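Have a look at the structure below before the remarks.
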Amino acid sequence: MTRFRKRLAGQLSGGMKQKLGLTCLLIHTPKVLLLDEPTTGVDPVSRRDFWRILYDLGQGGVTIVISTAYLDEAERCHRLTAVGMLWFQVPFNGNPLVMLAGTSLFLLSTLALGLLISTVCTTQQQAFATNFFVVNPLFTLSGFSFPIASMPRILQWFSYLNPLRYYLVLIRACFLKGVGFTVLWPELAALAILATVLLSASIFRFRKSLD
């Protein structure tokens with residue numbers, strides 16, 4: 001922040017404002033940092049720098065509790081399950097292998113969706129805008145905030161194309177009900193199909209753009 005010391009905070013970019021906020025938090029050398037989506041609206045370069053700072057803080061013994069809307073950032077966090085089980089007393093009664101398989105398929109499907117969006121859009125700004133209009137409906141139609149059964153019939157049909165719908169069922173069943181593969185195989189199969197279709201479509205679009 002040294003080269004921006006003569007600039008007003010209101011004239012800083014989004015990424016620099018987030019870094020300024022983090023700098024203010026670190027003045028008193030805290031032991032715990034609570035960050036609510038600190039990289040939202042930040043450009044990729046600033047996001048990388050921001051996470052490098054957080055890594056250094058973590059190595060220095062600072063405990064960081066962070067919320068994020070980006071899956072790639074969530075993958076960088078650790079002890080997510082441990083926090084849920086030890087702090088919030090959420091039991092894990094299921095099969096870890098089923099949880100691992102479901103998580104892998106979900107991440108693969110979301111990665112394929114992101115790749116497909118990147119092949120359709122021509123600029124980074126278009127990709128960010130398209131991602132906003134895709135992620136929000138996926139979250140709404142997942143059944144996390146509103147029961148799918150209470151949605152209009154057409155939206156219920158659209159929810160079958162949502163990987164998050166199946167993943168939420170899998171998480172709840174694994175953690176709370178101790179359900180195994182014999183019950184959750186339809187969700188795993190649906191995630192596998194969605195991941196295959198989305199990845200194939202993104203590869204096809206990418207090859208077409210090269211031609």
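Residues in the structure tokens are named by chain (A, B, ... in the order shown) and by number from 1 within that chain; ligands are numbered from 1 in the order shown.
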If we count only C-alpha atoms, what is near range 153-170 of chain A at a cut-off of 8 Å, once residues fewer than 5 positions away on the same chain are taken out, given as a ChimeraX atom specification? /A:99,102-103,106,109-110,138-139,141-144,148,184,187-188,190-191,194
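Here CA of Phe132 in chain A stands at a distance of 18.5 Å from CA of Ser202 in chain A.
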Counting only C-alpha atoms, which of A:Leu57, A:Leu113, A:Cys121, A:Ala192 gets nearest to Leu25 in chain A?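 Counting only C-alpha atoms, the residue closest to Leu25 in chain A is A:Leu57.
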Which of range 1-206 of chain A DSSP labels alpha helix (DSSP H), written as number ranges by chain: A: 14-25, 44-59, 71-76, 80-82, 96-120, 124-140, 153-159, 163-172, 181-206
Just the number, please: distance in Å from CA of Ala201 in chain A to CA of Gln124 in chain A, one decimal.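 Calculated distance between CA of Ala201 in chain A and CA of Gln124 in chain A is 19.7 Å.
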What does the distance between CA of Met16 in chain A and CA of Asp56 in chain A come to in Å, to one decimal place?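 Computing it gives 18.0 Å between the two atoms.
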Counting only C-alpha atoms, what is within 9 Å of Phe50 in chain A, bar same-chain residues fewer than 6 positions away, as number ranges by chain? A: 15, 18-19, 22, 38-39
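Within chain A, DSSP applied to the backbone places the following residues in strand (DSSP E): A:Val32, A:Leu33, A:Leu34, A:Leu35, A:Asp36, A:Thr63, A:Ile64, A:Val65, A:Ile66, A:Ser67.
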Quick one: of A:Gln11, A:Ser145, A:Thr63, A:Ser118, who's nearest to Leu35 in chain A, counting only C-alpha atoms?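 Among the listed residues, the smallest separation from Leu35 in chain A belongs to A:Thr63.
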